[in-house]
Amino acid sequence: MNDVAKIAGVSLKTVSRVVNNEENVSPLLVAQVRSAIAILNYSPDIGASTLRRSDRRTEMIALLLKDVGNPFFATLHRAVDDEARARGVQVITGSLDECSSRERELARAITMRRADGLIMATVSADQSYLASELRVDTPVVFVDRPGHGFPGDTVLATNALGATEATRHLIAHGHRRIACLSDHVRIPTAQLRQDGYLAGLREAGVEPDERLILADLSSQSVAESRVLEMFHRPDPPTALFTTQNAVTVGAVRALRRLNLHHRVAIVGFDDFPLADLLDPAITVIAQDPATMGRTAAQALFRRIDGDTSPPADHWIPTTLIRRGSGELPPRPEPGL
């Protein structure tokens with residue numbers, strides 16, 4: 001803060017007021033202080049008192065996820081929290097909402113709080129900015145989605161293999177016109193699942209139909225709307241492969257509105273609450289978010305404890321759960 005004050009040409013008290021967003025500071029002085037902060041890449045040290053410890057630890061880690069309200073991420077979060085609590089460590093968590101600027105904003109907030117490590121499900125295409133945002137010795141573990149431009153252990157599900165298994169399953173039950181309903185394909189996991197779907201079709205000698213590949217389904221309502229449109233077109237699919245649980249829920253709602261839920265097969269990637277209680281119950285490629293969370297937390301704590309080995313990839317297998325919707329046979333003319 002003394003350095004900031006010197007560059008800005010103001011008093012230490014003025015710097016303190018600006019940093020703490022206090023009133024009664026002129027806009028000109030605020031601009032001078034913020035300019036000096038940017039030049040120095042200064043971050044207020046909220047946990048300064050804890051740095052008196054000999055190991056400089058804050059006993060706190062950060063967990064940044066796409067959406068902590070999503071059942072998959074909620075389970076992953078609980079697993080990380082359980083591992084941390086066993087070590088007397090607190091977890092601060094944030095939702096990124098597929099927003100790159102929010103990802104960087106929260107990473108900077110973590111720096112201010114001097115978290116001992118970071119677990120992140122990335123939303124931006126490049127994490128090289130972490131080199132300037134985090135302390136040099138802060139370990140990072142990427143979970144569910146890989147990181148780019150910054151070293152760190154990675155914990156991923158077998159996304160492509162799981163999607164191929166889902167497609168094979170539908171083909172084995174007689175389907176050839178299988179639609180793929182996907183989240184944003186700029187998301188690595190969504191692209192991998194679409195790749196696995198295409199590999200499953202080609203493996204069976206089925207030529208992919210671009211009209212049956214719907215991407216950028218960002219919510220349940222968007223997925224529902226697009227599926228309704230699909231079944232008002234000529235030659236609709238006899239089966240659906242959905243690559244994310246929110247997309248699955250939207251697709252199921254559309255099929256029920258069209259009274260096609262007993263005629264059109266569906267396999268979803270990711271399980272979700274009450275999927276086994278629907279009629280028919282939903283066949284899924286289930287991830288294991290609890291194991292992913294535990295694995296990510298354990299990898300992070302090994303790094304915090306001093307492990308300096310090269311970054312490692314941890315692959316968590318997916319599981320096909322047969323419940324009924326994915327075992328429906330193809331029926332002629334499922335459209336309206």
# chains A, B, ... in the order shown; residues from 1 in each chain; ligands from 1
$ select_by_dssp --residues "region 98-146 of chain A" --states "strand (DSSP E or B)" --output "PDB file with all heavy atoms, in the first residue's frame"
ATOM      1  N   GLY A 117      -4.964 -23.285  -2.354  1.00  0.00           N
ATOM      2  CA  GLY A 117      -5.034 -23.986  -3.632  1.00  0.00           C
ATOM      3  C   GLY A 117      -6.375 -23.753  -4.291  1.00  0.00           C
ATOM      4  O   GLY A 117      -7.316 -23.237  -3.665  1.00  0.00           O
ATOM      5  N   LEU A 118      -6.469 -24.134  -5.552  1.00  0.00           N
ATOM      6  CA  LEU A 118      -7.671 -23.890  -6.348  1.00  0.00           C
ATOM      7  C   LEU A 118      -8.053 -25.128  -7.138  1.00  0.00           C
ATOM      8  O   LEU A 118      -7.214 -25.744  -7.800  1.00  0.00           O
ATOM      9  CB  LEU A 118      -7.412 -22.731  -7.318  1.00  0.00           C
ATOM     10  CG  LEU A 118      -8.420 -22.496  -8.446  1.00  0.00           C
ATOM     11  CD1 LEU A 118      -9.788 -22.141  -7.872  1.00  0.00           C
ATOM     12  CD2 LEU A 118      -7.936 -21.398  -9.383  1.00  0.00           C
ATOM     13  N   ILE A 119      -9.339 -25.497  -7.053  1.00  0.00           N
ATOM     14  CA  ILE A 119      -9.937 -26.514  -7.923  1.00  0.00           C
ATOM     15  C   ILE A 119     -10.910 -25.789  -8.830  1.00  0.00           C
ATOM     16  O   ILE A 119     -11.767 -25.035  -8.359  1.00  0.00           O
ATOM     17  CB  ILE A 119     -10.661 -27.601  -7.112  1.00  0.00           C
ATOM     18  CG1 ILE A 119      -9.675 -28.326  -6.188  1.00  0.00           C
ATOM     19  CG2 ILE A 119     -11.339 -28.601  -8.047  1.00  0.00           C
ATOM     20  CD1 ILE A 119     -10.343 -29.295  -5.234  1.00  0.00           C
ATOM     21  N   MET A 120     -10.801 -26.015 -10.139  1.00  0.00           N
ATOM     22  CA  MET A 120     -11.588 -25.225 -11.091  1.00  0.00           C
ATOM     23  C   MET A 120     -12.159 -26.087 -12.207  1.00  0.00           C
ATOM     24  O   MET A 120     -11.462 -26.906 -12.796  1.00  0.00           O
ATOM     25  CB  MET A 120     -10.703 -24.127 -11.699  1.00  0.00           C
ATOM     26  CG  MET A 120     -11.373 -23.321 -12.799  1.00  0.00           C
ATOM     27  SD  MET A 120     -10.212 -22.227 -13.671  1.00  0.00           S
ATOM     28  CE  MET A 120      -9.935 -20.989 -12.412  1.00  0.00           C
ATOM     29  N   VAL A 140      -3.062 -25.746  -8.645  1.00  0.00           N
ATOM     30  CA  VAL A 140      -4.371 -25.733  -9.286  1.00  0.00           C
ATOM     31  C   VAL A 140      -4.683 -27.131  -9.800  1.00  0.00           C
ATOM     32  O   VAL A 140      -3.823 -27.801 -10.386  1.00  0.00           O
ATOM     33  CB  VAL A 140      -4.410 -24.732 -10.465  1.00  0.00           C
ATOM     34  CG1 VAL A 140      -5.749 -24.798 -11.189  1.00  0.00           C
ATOM     35  CG2 VAL A 140      -4.146 -23.313  -9.971  1.00  0.00           C
ATOM     36  N   VAL A 141      -5.916 -27.571  -9.582  1.00  0.00           N
ATOM     37  CA  VAL A 141      -6.413 -28.832 -10.138  1.00  0.00           C
ATOM     38  C   VAL A 141      -7.640 -28.509 -10.978  1.00  0.00           C
ATOM     39  O   VAL A 141      -8.563 -27.835 -10.510  1.00  0.00           O
ATOM     40  CB  VAL A 141      -6.769 -29.845  -9.032  1.00  0.00           C
ATOM     41  CG1 VAL A 141      -7.432 -31.087  -9.635  1.00  0.00           C
ATOM     42  CG2 VAL A 141      -5.523 -30.244  -8.242  1.00  0.00           C
ATOM     43  N   PHE A 142      -7.640 -28.969 -12.221  1.00  0.00           N
ATOM     44  CA  PHE A 142      -8.783 -28.774 -13.110  1.00  0.00           C
ATOM     45  C   PHE A 142      -9.687 -30.007 -13.027  1.00  0.00           C
ATOM     46  O   PHE A 142      -9.208 -31.143 -13.133  1.00  0.00           O
ATOM     47  CB  PHE A 142      -8.309 -28.561 -14.548  1.00  0.00           C
ATOM     48  CG  PHE A 142      -7.417 -27.361 -14.700  1.00  0.00           C
ATOM     49  CD1 PHE A 142      -6.048 -27.497 -14.863  1.00  0.00           C
ATOM     50  CD2 PHE A 142      -7.954 -26.081 -14.666  1.00  0.00           C
ATOM     51  CE1 PHE A 142      -5.232 -26.393 -14.993  1.00  0.00           C
ATOM     52  CE2 PHE A 142      -7.139 -24.962 -14.792  1.00  0.00           C
ATOM     53  CZ  PHE A 142      -5.775 -25.119 -14.959  1.00  0.00           C
ATOM     54  N   VAL A 143     -10.988 -29.779 -12.847  1.00  0.00           N
ATOM     55  CA  VAL A 143     -11.926 -30.883 -12.689  1.00  0.00           C
ATOM     56  C   VAL A 143     -13.081 -30.730 -13.673  1.00  0.00           C
ATOM     57  O   VAL A 143     -13.547 -29.614 -13.938  1.00  0.00           O
ATOM     58  CB  VAL A 143     -12.451 -30.952 -11.236  1.00  0.00           C
ATOM     59  CG1 VAL A 143     -13.268 -29.714 -10.876  1.00  0.00           C
ATOM     60  CG2 VAL A 143     -13.263 -32.217 -10.986  1.00  0.00           C
TER      61      VAL A 143
END
$ closest_residue --among "A:Arg145, A:His173, A:Arg226, A:Arg263" --to "Thr189 (chain A)" --atoms "only C-alpha atoms"
A:Arg145
$ residues_around --residues "Ser182 (chain A)" --least-positions-apart "5" --cutoff "6 Å" --atoms "only C-alpha atoms" --output "ChimeraX atom specification"
/A:215,217,243
$ write_last_selection --atoms "N, CA, C and O atoms" --output "PDB file, in the first residue's frame"
ATOM      1  N   ALA A 215     -26.812 -28.240 -31.278  1.00  0.00           N
ATOM      2  CA  ALA A 215     -25.817 -27.763 -30.307  1.00  0.00           C
ATOM      3  C   ALA A 215     -26.271 -26.456 -29.674  1.00  0.00           C
ATOM      4  O   ALA A 215     -27.300 -25.879 -30.045  1.00  0.00           O
ATOM      5  N   LEU A 217     -27.488 -25.842 -26.749  1.00  0.00           N
ATOM      6  CA  LEU A 217     -28.717 -25.902 -25.958  1.00  0.00           C
ATOM      7  C   LEU A 217     -28.348 -25.506 -24.530  1.00  0.00           C
ATOM      8  O   LEU A 217     -27.949 -26.328 -23.721  1.00  0.00           O
ATOM      9  N   THR A 243     -26.405 -34.806 -24.111  1.00  0.00           N
ATOM     10  CA  THR A 243     -25.047 -34.811 -23.581  1.00  0.00           C
ATOM     11  C   THR A 243     -24.889 -34.133 -22.221  1.00  0.00           C
ATOM     12  O   THR A 243     -23.773 -34.005 -21.731  1.00  0.00           O
TER      13      THR A 243
END
$ atom_distance --atom1 "CA of Phe272 (chain A)" --atom2 "CA of Leu156 (chain A)"
18.6 Å
$ select_by_dssp --residues "region 123-176 of chain A" --states "helix (DSSP H, G or I)" --output "PyMOL selection string"
chain A and resi 130-133+159-172
$ residues_around --residues "Ala31 (chain A)" --least-positions-apart "3" --cutoff "12 Å" --atoms "only C-alpha atoms" --output "PyMOL selection string"
chain A and resi 8-10+14-15+18-19+25-28+34-38
$ residues_around --residues "Thr248 (chain A)" --least-positions-apart "4" --cutoff "12 Å" --atoms "only C-alpha atoms" --output "PyMOL selection string"
chain A and resi 180-183+217-224+227+240-244+252-255+265-273+275+282-285+325
$ residues_around --residues "Pro311 (chain A)" --least-positions-apart "4" --cutoff "7 Å" --atoms "only C-alpha atoms" --output "ChimeraX atom specification"
/A:151-153
$ residues_around --residues "Asp126 (chain A)" --least-positions-apart "6" --cutoff "12 Å" --atoms "only C-alpha atoms" --output "list in words"
Ser100, Ser101, Glu103, Arg104, Arg145, Pro146, Gly147, His148, Gly149, Phe150, Pro151, Ile187 and Pro188 of chain A
$ closest_residue --among "A:Asp279, A:Asp3, A:Glu59, A:Asp116" --to "Gly88 (chain A)" --atoms "only C-alpha atoms"
A:Glu59
$ closest_residue --among "A:Ala84, A:Val155, A:Ile178, A:Ala204" --to "Asp313 (chain A)" --atoms "only C-alpha atoms"
A:Val155
$ atom_distance --atom1 "CA of Ser11 (chain A)" --atom2 "CA of Tyr42 (chain A)"
16.3 Å
$ closest_residue --among "A:Val91, A:Val33, A:Val123, A:Leu277" --to "Leu65 (chain A)" --atoms "only C-alpha atoms"
A:Val123
